[in-house]
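Visitor: As input, take model.txt (compact mmCIF, C-alpha atoms):
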```txt
# COMPACT_ATOMS: atom_id res chain seq x y z
CA MET Y 4 -44.25 -16.29 0.99
CA SER Y 5 -45.89 -14.04 -1.60
CA VAL Y 6 -47.04 -15.43 -4.92
CA GLU Y 7 -44.86 -12.88 -6.73
CA LEU Y 8 -41.71 -13.92 -4.89
CA HIS Y 9 -42.47 -17.58 -5.56
CA ALA Y 10 -42.82 -16.81 -9.29
CA LEU Y 11 -39.54 -14.86 -9.23
CA GLU Y 12 -37.72 -17.77 -7.62
CA ASP Y 13 -39.10 -20.16 -10.24
CA ALA Y 14 -38.05 -17.81 -13.02
CA ALA Y 15 -34.57 -17.45 -11.57
CA ARG Y 16 -34.16 -21.23 -11.34
CA ASP Y 17 -35.36 -21.64 -14.92
CA PHE Y 18 -32.92 -19.00 -16.11
CA GLU Y 19 -30.02 -20.54 -14.21
CA ARG Y 20 -30.84 -23.97 -15.67
CA ASP Y 21 -31.60 -23.04 -19.28
CA ALA Y 22 -29.66 -19.87 -20.13
CA ASP Y 23 -26.45 -20.46 -22.09
CA PRO Y 24 -23.72 -18.11 -20.69
CA ASP Y 25 -22.34 -17.69 -24.22
CA PHE Y 26 -25.59 -16.07 -25.39
CA VAL Y 27 -26.59 -13.94 -22.38
CA ASP Y 28 -26.18 -10.17 -22.73
CA PRO Y 29 -24.26 -9.15 -19.55
CA LYS Y 30 -25.56 -5.59 -19.72
CA ARG Y 31 -29.18 -6.70 -19.69
CA LEU Y 32 -28.54 -9.29 -16.99
CA SER Y 33 -26.79 -6.70 -14.83
CA ALA Y 34 -29.73 -4.31 -15.26
CA VAL Y 35 -32.16 -6.99 -14.04
CA ILE Y 36 -29.98 -7.76 -11.01
CA ASP Y 37 -29.60 -4.05 -10.20
CA SER Y 38 -33.36 -3.58 -10.44
CA LEU Y 39 -33.84 -6.38 -7.93
CA GLN Y 40 -31.21 -4.78 -5.67
CA GLY Y 41 -33.36 -1.65 -5.68
CA LYS Y 42 -36.37 -3.73 -4.71
CA LEU Y 43 -34.41 -5.37 -1.91
CA CYS Y 44 -33.48 -1.91 -0.57
CA ARG Y 45 -37.10 -0.86 -0.45
CA VAL Y 46 -38.08 -4.16 1.20
CA VAL Y 47 -35.54 -3.87 4.05
CA ALA Y 48 -36.37 -0.17 4.51
CA ALA Y 49 -40.05 -1.12 4.90
CA ALA Y 50 -39.09 -3.86 7.37
CA LYS Y 51 -37.15 -1.33 9.43
CA LYS Y 52 -40.13 1.03 9.43
CA ARG Y 53 -42.36 -1.81 10.69
CA GLY Y 54 -39.85 -2.58 13.43
CA ASP Y 55 -39.10 -6.19 12.39
CA HIS Y 56 -35.57 -5.85 13.81
CA LEU Y 57 -36.99 -4.97 17.24
CA LEU Y 58 -38.72 -8.34 17.44
CA ALA Y 59 -35.33 -9.99 17.05
CA GLY Y 60 -33.72 -7.67 19.61
CA GLN Y 61 -31.24 -6.32 17.08
CA SER Y 62 -30.38 -3.06 15.39
CA ALA Y 63 -31.83 -2.64 11.91
CA CYS Y 64 -28.36 -2.95 10.39
CA SER Y 65 -27.52 -6.16 12.27
CA TRP Y 66 -30.91 -7.67 11.44
CA VAL Y 67 -30.54 -6.98 7.69
CA ALA Y 68 -26.97 -8.31 7.73
CA ALA Y 69 -28.13 -11.55 9.35
CA GLU Y 70 -31.27 -12.00 7.28
CA CYS Y 71 -29.61 -11.22 3.93
CA GLN Y 72 -26.25 -12.84 4.74
CA MET Y 73 -24.17 -9.74 4.03
CA SER Y 74 -21.77 -7.49 5.91
CA LYS Y 75 -23.06 -4.72 8.14
CA THR Y 76 -21.55 -2.20 5.75
CA SER Y 77 -23.60 -3.62 2.89
CA ALA Y 78 -26.67 -3.77 5.11
CA ALA Y 79 -26.32 -0.09 6.06
CA ASP Y 80 -25.97 0.76 2.38
CA ARG Y 81 -29.18 -1.11 1.48
CA LEU Y 82 -31.10 0.59 4.29
CA CYS Y 83 -29.93 4.05 3.22
CA VAL Y 84 -30.73 3.46 -0.45
CA GLY Y 85 -34.15 2.00 0.39
CA GLU Y 86 -35.07 5.01 2.50
CA GLN Y 87 -33.83 7.60 -0.01
CA LEU Y 88 -35.44 5.96 -3.05
CA GLY Y 89 -38.71 7.03 -1.44
CA ASN Y 90 -37.49 10.64 -1.60
CA LEU Y 91 -36.18 10.29 -5.16
CA PRO Y 92 -38.97 8.77 -7.28
CA GLU Y 93 -37.31 9.48 -10.64
CA ILE Y 94 -34.07 7.81 -9.48
CA ALA Y 95 -36.10 4.83 -8.26
CA GLN Y 96 -37.88 4.56 -11.61
CA ALA Y 97 -34.59 4.82 -13.55
CA LEU Y 98 -33.08 2.04 -11.43
CA GLY Y 99 -36.12 -0.19 -11.81
CA SER Y 100 -36.20 0.28 -15.60
CA GLY Y 101 -32.48 -0.38 -16.06
CA GLN Y 102 -31.55 3.15 -17.13
CA ILE Y 103 -28.97 3.38 -14.34
CA GLY Y 104 -27.19 0.76 -12.26
CA TYR Y 105 -27.45 0.09 -8.54
CA GLN Y 106 -24.06 1.59 -7.67
CA ALA Y 107 -24.90 4.86 -9.41
CA ALA Y 108 -28.27 5.00 -7.67
CA ALA Y 109 -26.57 4.31 -4.32
CA VAL Y 110 -24.13 7.21 -4.83
CA ILE Y 111 -27.03 9.61 -5.46
CA CYS Y 112 -29.04 8.21 -2.55
CA HIS Y 113 -26.13 8.71 -0.15
CA LEU Y 114 -25.87 12.32 -1.32
CA SER Y 115 -29.57 12.74 -0.59
CA ASP Y 116 -29.08 11.27 2.88
CA GLN Y 117 -26.10 13.55 3.61
CA VAL Y 118 -27.71 16.84 2.57
CA GLY Y 119 -31.00 16.07 4.34
CA GLU Y 120 -33.66 18.69 3.72
CA LYS Y 121 -31.44 20.33 1.12
CA ARG Y 122 -32.05 17.37 -1.19
CA GLN Y 123 -34.52 19.66 -2.94
CA TYR Y 124 -31.49 20.94 -4.84
CA ILE Y 125 -31.03 17.51 -6.47
CA ASP Y 126 -32.32 17.72 -10.02
CA GLU Y 127 -33.11 14.04 -10.52
CA GLU Y 128 -33.25 14.26 -14.32
CA HIS Y 129 -29.78 15.81 -14.41
CA TRP Y 130 -28.36 13.23 -12.02
CA ILE Y 131 -29.81 10.37 -14.06
CA GLY Y 132 -27.97 11.85 -17.02
CA TYR Y 133 -24.74 12.07 -15.00
CA ALA Y 134 -25.14 8.44 -13.91
CA ARG Y 135 -25.49 7.29 -17.51
CA ARG Y 136 -22.54 9.34 -18.81
CA PHE Y 137 -19.94 9.16 -16.06
CA SER Y 138 -18.08 6.42 -14.21
CA ILE Y 139 -18.92 5.67 -10.59
CA LYS Y 140 -15.69 7.40 -9.51
CA ASP Y 141 -16.57 10.57 -11.43
CA LEU Y 142 -20.16 10.46 -10.20
CA ARG Y 143 -18.95 10.22 -6.62
CA TYR Y 144 -16.70 13.22 -7.23
CA LEU Y 145 -19.71 15.20 -8.43
CA THR Y 146 -21.51 14.40 -5.19
CA TYR Y 147 -18.56 15.82 -3.20
CA VAL Y 148 -18.71 19.03 -5.23
CA ALA Y 149 -22.48 19.25 -4.82
CA ARG Y 150 -22.30 18.70 -1.09
CA VAL Y 151 -19.71 21.46 -0.62
CA ARG Y 152 -22.01 23.86 -2.48
CA TRP Y 153 -25.28 22.84 -0.81
CA ASP Y 154 -24.20 21.86 2.68
CA CYS Y 155 -20.80 23.35 3.47
CA GLU Y 156 -21.23 23.07 7.25
CA GLY Y 157 -22.31 19.45 7.00
CA PHE Y 158 -19.39 18.67 4.72
CA GLU Y 159 -16.92 20.25 7.14
CA ARG Y 160 -18.45 18.35 10.04
CA GLN Y 161 -18.25 15.07 8.12
CA THR Y 162 -14.63 15.82 7.22
CA GLU Y 163 -13.72 16.19 10.88
CA GLU Y 164 -15.60 13.03 11.80
CA ASP Y 165 -13.77 11.12 9.07
CA TYR Y 166 -10.45 12.54 10.29
CA GLU Y 167 -11.06 11.03 13.71
CA LEU Y 168 -11.23 7.60 12.05
CA ARG Y 169 -7.59 7.78 10.93
CA SER Y 170 -5.47 4.86 12.11
CA LEU Y 171 -2.34 2.88 11.32
CA HIS Y 172 -1.91 -0.69 12.51
CA ILE Y 173 1.43 -2.48 12.11
CA SER Y 174 1.40 -6.19 12.88
CA GLU Y 175 4.16 -8.78 12.72
CA THR Y 176 3.29 -12.19 11.29
CA THR Y 177 4.62 -15.49 12.60
CA GLY Y 178 6.98 -15.66 9.62
CA GLY Y 179 8.57 -12.31 10.43
CA MET Y 180 6.80 -10.33 7.69
CA TYR Y 181 5.00 -7.12 8.61
CA ARG Y 182 1.49 -6.11 7.59
CA LEU Y 183 0.23 -2.52 7.50
CA ASP Y 184 -3.43 -1.49 7.70
CA ALA Y 185 -4.22 2.21 7.52
CA TRP Y 186 -7.03 4.72 7.18
CA LEU Y 187 -5.90 8.24 6.24
CA ASP Y 188 -7.73 11.49 5.71
CA PRO Y 189 -7.85 12.82 2.12
CA VAL Y 190 -4.93 15.24 2.52
CA GLY Y 191 -2.78 12.79 4.47
CA GLY Y 192 -3.52 10.00 2.02
CA ALA Y 193 -2.72 12.24 -0.93
CA ALA Y 194 0.63 13.17 0.66
CA ILE Y 195 1.56 9.51 1.21
CA LYS Y 196 0.45 8.60 -2.31
CA ALA Y 197 2.45 11.44 -3.89
CA ALA Y 198 5.60 10.47 -1.97
CA ILE Y 199 5.24 6.77 -2.79
CA GLU Y 200 4.59 7.46 -6.48
CA SER Y 201 7.68 9.65 -6.73
CA LEU Y 202 9.82 6.74 -5.51
CA SER Y 203 8.06 3.81 -7.16
CA LYS Y 204 8.74 4.22 -10.86
CA PRO Y 205 10.91 1.48 -12.47
CA LEU Y 206 14.64 2.04 -11.91
CA GLY Y 207 16.15 1.16 -15.28
CA ALA Y 208 15.22 -1.35 -17.96
CA ALA Y 209 16.19 -4.33 -15.79
CA ASP Y 210 13.73 -3.47 -13.01
CA GLN Y 211 11.33 -6.44 -13.03
CA ARG Y 212 9.45 -5.61 -9.83
CA SER Y 213 5.67 -5.43 -9.92
CA ALA Y 214 3.95 -2.11 -9.20
CA LYS Y 215 2.94 -3.38 -5.74
CA GLN Y 216 6.52 -4.40 -4.96
CA ARG Y 217 7.85 -1.01 -6.11
CA ARG Y 218 5.37 0.77 -3.83
CA ALA Y 219 6.38 -1.40 -0.87
CA ASP Y 220 10.07 -0.73 -1.55
CA ALA Y 221 9.33 3.00 -1.92
CA LEU Y 222 7.78 3.15 1.55
CA VAL Y 223 10.75 1.34 3.12
CA GLU Y 224 13.23 3.50 1.19
CA ALA Y 225 11.51 6.69 2.36
CA MET Y 226 11.74 5.52 5.98
CA HIS Y 227 15.44 4.63 5.62
CA HIS Y 228 16.11 8.04 4.12
CA ALA Y 229 14.24 9.81 6.92
CA MET Y 230 16.36 7.96 9.50
CA SER Y 231 19.61 8.61 7.62
CA VAL Y 232 19.26 12.38 7.25
CA GLY Y 233 18.83 12.76 11.00
CA THR Y 234 15.71 14.93 11.02
CA LEU Y 235 13.51 12.52 12.98
CA PRO Y 236 13.11 13.05 16.74
CA ARG Y 237 15.63 11.17 18.84
CA ARG Y 238 14.58 8.25 20.99
CA ASN Y 239 16.50 7.50 24.19
CA GLY Y 240 19.06 10.08 23.11
CA VAL Y 241 19.89 8.53 19.74
CA ARG Y 242 18.53 8.76 16.21
CA PRO Y 243 16.00 6.10 15.15
CA HIS Y 244 17.89 3.15 13.72
CA ILE Y 245 17.84 -0.60 13.12
CA SER Y 246 19.88 -2.66 15.56
CA VAL Y 247 21.37 -6.00 14.53
CA ASN Y 248 23.16 -8.50 16.79
CA THR Y 249 25.65 -10.68 14.97
CA THR Y 250 28.98 -12.46 15.31
CA ILE Y 251 32.07 -12.31 13.13
CA GLU Y 252 31.10 -15.73 11.75
CA GLY Y 253 27.54 -14.60 11.11
CA LEU Y 254 28.70 -11.40 9.45
CA GLN Y 255 30.95 -13.41 7.13
CA GLY Y 256 28.20 -15.94 6.40
CA GLU Y 257 30.18 -18.95 7.59
CA LEU Y 258 28.45 -22.32 7.60
CA GLY Y 259 27.01 -23.21 11.01
CA ALA Y 260 27.31 -19.69 12.41
CA VAL Y 261 24.74 -18.47 14.91
CA ALA Y 262 21.96 -16.58 13.10
CA SER Y 263 22.10 -12.80 13.22
CA GLN Y 264 19.09 -11.16 14.84
CA LEU Y 265 17.18 -7.92 14.75
CA GLU Y 266 16.51 -6.13 18.03
CA ASN Y 267 13.19 -7.99 18.42
CA GLY Y 268 14.94 -11.35 18.11
CA MET Y 269 13.84 -12.10 14.53
CA PRO Y 270 16.62 -13.95 12.62
CA ILE Y 271 17.89 -12.38 9.38
CA SER Y 272 20.22 -13.75 6.74
CA SER Y 273 23.94 -13.06 6.63
CA LYS Y 274 23.45 -11.42 3.21
CA THR Y 275 21.11 -8.87 4.77
CA VAL Y 276 23.59 -8.23 7.59
CA GLN Y 277 26.37 -7.67 5.05
CA ARG Y 278 24.20 -5.10 3.21
CA LEU Y 279 23.42 -3.24 6.44
CA ALA Y 280 27.10 -3.34 7.44
CA CYS Y 281 28.07 -1.48 4.24
CA ASP Y 282 26.92 1.80 5.77
CA GLY Y 283 26.33 0.97 9.38
CA THR Y 284 27.68 2.07 12.72
CA LEU Y 285 29.28 -0.89 14.43
CA HIS Y 286 30.65 -1.54 17.90
CA ARG Y 287 32.22 -4.58 19.52
CA ILE Y 288 30.57 -6.29 22.50
CA LEU Y 289 32.57 -8.87 24.44
CA LYS Y 290 30.73 -11.42 26.55
CA ALA Y 291 31.79 -14.00 29.12
CA ASN Y 292 29.33 -16.50 30.55
CA SER Y 293 26.52 -14.57 28.81
CA GLN Y 294 27.55 -11.37 30.63
CA VAL Y 295 28.69 -8.23 28.76
CA ILE Y 296 32.23 -7.38 29.91
CA ASP Y 297 33.21 -4.75 27.32
CA VAL Y 298 31.52 -2.51 24.74
CA GLY Y 299 33.79 -1.05 22.09
CA ARG Y 300 33.60 2.41 20.58
CA ALA Y 301 31.09 2.78 17.73
CA THR Y 302 32.64 3.36 14.31
CA ARG Y 303 31.13 3.79 10.87
CA ALA Y 304 31.98 1.38 8.05
CA VAL Y 305 32.27 4.42 5.76
CA SER Y 306 33.62 7.64 7.24
CA PRO Y 307 31.85 11.00 6.70
CA SER Y 308 34.79 12.25 4.61
CA GLN Y 309 34.61 9.19 2.32
CA TRP Y 310 30.86 9.71 1.94
CA ARG Y 311 31.44 13.36 1.00
CA ALA Y 312 34.00 12.27 -1.58
CA LEU Y 313 31.50 9.81 -3.08
CA LYS Y 314 28.94 12.60 -3.35
CA ALA Y 315 31.48 14.75 -5.16
CA ARG Y 316 32.18 11.99 -7.71
CA HIS Y 317 28.59 10.81 -8.30
CA ARG Y 318 25.27 12.51 -8.85
CA THR Y 319 23.01 9.45 -8.86
CA CYS Y 320 22.93 5.76 -8.01
CA SER Y 321 25.66 3.88 -9.89
CA ALA Y 322 23.32 1.20 -11.27
CA PRO Y 323 22.65 1.46 -15.04
CA GLY Y 324 19.56 3.52 -15.86
CA CYS Y 325 18.90 4.49 -12.23
CA ASP Y 326 18.32 8.20 -11.63
CA ARG Y 327 17.88 8.04 -7.85
CA PRO Y 328 19.69 11.14 -6.44
CA ILE Y 329 22.96 10.62 -4.59
CA ASN Y 330 21.40 11.69 -1.27
CA TRP Y 331 19.02 8.75 -1.58
CA THR Y 332 21.82 6.18 -1.89
CA SER Y 333 24.09 4.27 0.49
CA PRO Y 334 27.79 3.51 0.04
CA HIS Y 335 28.43 -0.07 -1.10
CA HIS Y 336 31.72 -1.99 -0.88
CA ILE Y 337 32.47 -3.71 -4.19
CA GLU Y 338 34.60 -6.16 -2.26
CA PHE Y 339 32.34 -6.73 0.71
CA TRP Y 340 33.35 -4.97 3.90
CA ALA Y 341 32.19 -8.01 5.88
CA ARG Y 342 34.68 -10.15 3.93
CA GLY Y 343 37.66 -7.88 4.33
CA GLY Y 344 36.94 -5.35 1.58
CA ARG Y 345 38.80 -2.10 2.01
CA GLY Y 346 37.07 1.13 2.85
CA ASN Y 347 38.93 3.17 0.21
CA LEU Y 348 37.14 5.16 -2.48
CA ARG Y 349 38.06 2.74 -5.26
CA ASN Y 350 36.14 0.00 -3.45
CA LEU Y 351 33.07 2.20 -2.83
CA LEU Y 352 30.15 3.24 -5.00
CA PRO Y 353 26.70 4.64 -4.20
CA LEU Y 354 23.65 2.40 -4.64
CA CYS Y 355 19.97 3.13 -4.00
CA TYR Y 356 17.95 0.90 -1.68
CA HIS Y 357 16.66 -1.31 -4.51
CA HIS Y 358 20.00 -1.90 -6.27
CA HIS Y 359 21.89 -2.28 -3.01
CA ARG Y 360 19.56 -5.10 -2.08
CA LEU Y 361 19.88 -6.68 -5.53
CA VAL Y 362 23.65 -6.86 -5.15
CA HIS Y 363 23.62 -8.36 -1.66
CA GLU Y 364 20.48 -10.50 -1.68
CA GLY Y 365 19.41 -10.70 -5.32
CA GLY Y 366 22.46 -12.43 -6.77
CA TRP Y 367 23.67 -9.51 -8.90
CA GLN Y 368 27.42 -9.02 -9.35
CA VAL Y 369 29.35 -5.75 -9.38
CA ILE Y 370 32.75 -5.71 -11.09
CA ARG Y 371 35.18 -2.84 -11.34
CA ALA Y 372 35.95 -2.25 -15.02
CA GLY Y 373 38.62 0.38 -15.50
CA GLU Y 374 37.30 3.64 -14.07
CA GLY Y 375 33.74 2.35 -14.14
CA VAL Y 376 31.76 -0.65 -12.89
CA LYS Y 377 29.65 -3.37 -14.50
CA PHE Y 378 26.45 -4.86 -13.10
CA ILE Y 379 25.92 -8.49 -14.05
CA PRO Y 380 22.51 -10.19 -13.55
CA PRO Y 381 22.36 -13.53 -11.70
CA GLU Y 382 21.97 -15.64 -14.85
CA ARG Y 383 25.31 -14.33 -16.18
CA VAL Y 384 27.29 -14.54 -12.96
CA VAL Y 385 30.37 -16.77 -13.18
CA PRO Y 386 29.88 -19.71 -10.77
CA HIS Y 387 33.25 -19.29 -9.05
CA ARG Y 388 34.30 -16.20 -7.22
CA VAL Y 389 37.18 -14.18 -8.58
CA ARG Y 390 39.60 -12.29 -6.34
CA GLY Y 391 41.89 -9.69 -7.83
CA PRO Y 392 42.78 -6.02 -7.74
CA GLY Y 393 39.60 -4.11 -7.14
CA MET Y 394 37.41 -7.11 -7.97
CA ARG Y 395 35.03 -9.04 -5.83
CA TRP Y 396 31.40 -9.74 -6.41
CA ALA Y 397 28.46 -9.81 -4.15
CA ALA Y 398 27.00 -12.86 -2.48
```
Please re-express this file's structure in structure tokens.
Guide:
Amino acid sequence: MSVELHALEDAARDFERDADPDFVDPKRLSAVIDSLQGKLCRVVAAAKKRGDHLLAGQSACSWVAAECQMSKTSAADRLCVGEQLGNLPEIAQALGSGQIGYQAAAVICHLSDQVGEKRQYIDEEHWIGYARRFSIKDLRYLTYVARVRWDCEGFERQTEEDYELRSLHISETTGGMYRLDAWLDPVGGAAIKAAIESLSKPLGAADQRSAKQRRADALVEAMHHAMSVGTLPRRNGVRPHISVNTTIEGLQGELGAVASQLENGMPISSKTVQRLACDGTLHRILKANSQVIDVGRATRAVSPSQWRALKARHRTCSAPGCDRPINWTSPHHIEFWARGGRGNLRNLLPLCYHHHRLVHEGGWQVIRAGEGVKFIPPERVVPHRVRGPGMRWAA
């Protein structure tokens, strides 16, 4: 162990023991840490040049990750920065003196690595100024612009290589929830983001969902809409759809009824089944001794003519303050279809995905009031159910 490193360790321990967090300047402390990060980069780059990783029978990246207890991604970053700091002496000096931070230096070093011999175009003084004036995000954008100008072929090649990394993984958890993991190219990601943002703004003053929840609902709503309009390719001769197996008792939510199931066997609540039944295609299946003996003709809960009439009467979702277009809504039975509600126009109104779910599974109540309707939040719902002309609330 070098004398200098021993002295640094002693100084670090003294600082950790004696420094009062209330009186430490975070900017100065961060500059010291970033300077040491720069030193670490040069140390591991020198170790790679000596071949220390070969003695351990590992790649340089794996060796640094193991020795420094960091991820391989972080190790590769340190190796790149350490190598390029040797090609960018002014950047190295600015990092060591605290003029710029480690992340900014790393962005510039990666640009140097990407453009190779064309790094001669990097005016280090200018880039130090950029690093001090701009955010890391803006600085990274400047490197993209610079690379397109200096190394167009390399940029195009990197773009194609990145495109090959695209992936989407959908996994089902033990609790029935789904998790999505995706890598998208810049154009594809921008398209998804634009579509999600257009559907994820709050729907009225009563929308209490978080931004993350609105984005999740927007993705699901977009998929439901794509399936509903019938433009997706057919599978096994039919449009993509959700299949639910239920019984009359399960549909009505009777106590002790067999749980309704999705096609993969995952149980779902009767409230969810009732929402799906509002605008679903249903057919009867008779069984005897677990064998199917009859399959009835499929019928829609709301006929095409009734749906056209709803579109003629409404322009948007019926929920207060919701501007979701009528083509992005589903017909809802004020008196639930699953509980005997009629399929006439007076008992129907269009609701978007979010408000339809609130009525069936969120405890909201819909009441016909004259020629209009009222939406009542759960805390104001009357405990007992009221049955009368044109009146029936949701579950």
Visitor: When you draw a straight line from CA of Asp55 (chain Y) to CA of Ala34 (chain Y), how long is it in Å?
Guide: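 Computing the Euclidean distance for CA of Asp55 (chain Y) and CA of Ala34 (chain Y) yields 29.3 Å.
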Visitor: Between CA of His317 (chain Y) and CA of Ala219 (chain Y), what distance in Å does the model show, to one decimal?
Guide: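 That distance, rounded to one decimal, is 26.4 Å.
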Visitor: Find the distance between CA of Ser65 (chain Y) and CA of Gln106 (chain Y) and write it in Å to one decimal.
Guide: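 If I compute the distance from CA of Ser65 (chain Y) to CA of Gln106 (chain Y), I get 21.7 Å.
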Visitor: Do you know which residues are at most 9 Å from region 138-153 of chain Y counting all atoms listed in the file, after dropping those on the same chain fewer than 3 positions away, and could you put them as JSON, numbers by chain?
Guide: {"Y": [106, 107, 110, 111, 113, 114, 117, 118, 121, 122, 124, 125, 130, 133, 134, 135, 156, 157, 158, 159]}
Visitor: Between Y:Asn330, Y:Tyr105, Y:Pro189, Y:Ser5, single out the one closest to Ala229 (chain Y), counting only C-alpha atoms.
Guide: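 Among the listed residues, Y:Asn330 lies closest to Ala229 (chain Y).
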Visitor: If we count only C-alpha atoms and set the cut-off at 8 Å, which residues sit around region 353-370 of chain Y, ignoring sequence neighbours fewer than 2 positions away in its own chain? Please answer as a compact mmCIF listing (two decimals) with C-alpha atoms, keeping the file's coordinate frame.
Guide:
```txt
# COMPACT_ATOMS: atom_id res chain seq x y z
CA ASP Y 220 10.07 -0.73 -1.55
CA GLU Y 224 13.23 3.50 1.19
CA LYS Y 274 23.45 -11.42 3.21
CA THR Y 275 21.11 -8.87 4.77
CA GLN Y 277 26.37 -7.67 5.05
CA ARG Y 278 24.20 -5.10 3.21
CA LEU Y 313 31.50 9.81 -3.08
CA HIS Y 317 28.59 10.81 -8.30
CA THR Y 319 23.01 9.45 -8.86
CA CYS Y 320 22.93 5.76 -8.01
CA SER Y 321 25.66 3.88 -9.89
CA ALA Y 322 23.32 1.20 -11.27
CA ARG Y 327 17.88 8.04 -7.85
CA ILE Y 329 22.96 10.62 -4.59
CA TRP Y 331 19.02 8.75 -1.58
CA THR Y 332 21.82 6.18 -1.89
CA SER Y 333 24.09 4.27 0.49
CA PRO Y 334 27.79 3.51 0.04
CA HIS Y 335 28.43 -0.07 -1.10
CA ILE Y 337 32.47 -3.71 -4.19
CA LEU Y 351 33.07 2.20 -2.83
CA ALA Y 372 35.95 -2.25 -15.02
CA VAL Y 376 31.76 -0.65 -12.89
CA LYS Y 377 29.65 -3.37 -14.50
CA PHE Y 378 26.45 -4.86 -13.10
CA ILE Y 379 25.92 -8.49 -14.05
CA PRO Y 380 22.51 -10.19 -13.55
CA PRO Y 381 22.36 -13.53 -11.70
CA VAL Y 384 27.29 -14.54 -12.96
CA MET Y 394 37.41 -7.11 -7.97
CA ARG Y 395 35.03 -9.04 -5.83
CA TRP Y 396 31.40 -9.74 -6.41
CA ALA Y 397 28.46 -9.81 -4.15
CA ALA Y 398 27.00 -12.86 -2.48
```
Visitor: Could you rebuild region 221-233 of chain Y with N, CA, C and O atoms and give it back as a short mmCIF file (atom, residue, chain, number, x, y, z; two decimals), keeping the file's coordinate frame?
Guide:
```
data_model
loop_
_atom_site.label_atom_id
_atom_site.label_comp_id
_atom_site.auth_asym_id
_atom_site.auth_seq_id
_atom_site.Cartn_x
_atom_site.Cartn_y
_atom_site.Cartn_z
N ALA Y 221 9.30 1.54 -2.03
CA ALA Y 221 9.33 3.00 -1.92
C ALA Y 221 9.05 3.44 -0.48
O ALA Y 221 9.70 4.36 0.04
N LEU Y 222 8.10 2.80 0.17
CA LEU Y 222 7.78 3.15 1.55
C LEU Y 222 8.97 2.87 2.47
O LEU Y 222 9.34 3.70 3.30
N VAL Y 223 9.60 1.70 2.30
CA VAL Y 223 10.75 1.34 3.12
C VAL Y 223 11.92 2.29 2.84
O VAL Y 223 12.61 2.76 3.76
N GLU Y 224 12.13 2.60 1.56
CA GLU Y 224 13.23 3.50 1.19
C GLU Y 224 13.03 4.88 1.80
O GLU Y 224 13.98 5.51 2.30
N ALA Y 225 11.79 5.38 1.78
CA ALA Y 225 11.51 6.69 2.36
C ALA Y 225 11.80 6.69 3.86
O ALA Y 225 12.34 7.67 4.40
N MET Y 226 11.48 5.60 4.55
CA MET Y 226 11.74 5.52 5.98
C MET Y 226 13.24 5.46 6.27
O MET Y 226 13.75 6.09 7.20
N HIS Y 227 13.99 4.69 5.46
CA HIS Y 227 15.44 4.63 5.62
C HIS Y 227 16.06 6.01 5.41
O HIS Y 227 16.97 6.42 6.15
N HIS Y 228 15.57 6.72 4.40
CA HIS Y 228 16.11 8.04 4.12
C HIS Y 228 15.81 8.99 5.27
O HIS Y 228 16.68 9.79 5.68
N ALA Y 229 14.61 8.94 5.81
CA ALA Y 229 14.24 9.81 6.92
C ALA Y 229 15.13 9.54 8.14
O ALA Y 229 15.51 10.48 8.86
N MET Y 230 15.48 8.27 8.38
CA MET Y 230 16.36 7.96 9.50
C MET Y 230 17.78 8.40 9.23
O MET Y 230 18.50 8.85 10.11
N SER Y 231 18.22 8.30 7.97
CA SER Y 231 19.61 8.61 7.62
C SER Y 231 19.92 10.10 7.70
O SER Y 231 21.02 10.48 8.11
N VAL Y 232 18.97 10.94 7.28
CA VAL Y 232 19.26 12.38 7.25
C VAL Y 232 19.25 13.01 8.64
O VAL Y 232 19.68 14.14 8.80
N GLY Y 233 18.75 12.28 9.63
CA GLY Y 233 18.83 12.76 11.00
C GLY Y 233 17.82 13.81 11.40
O GLY Y 233 18.05 14.55 12.37
#
```
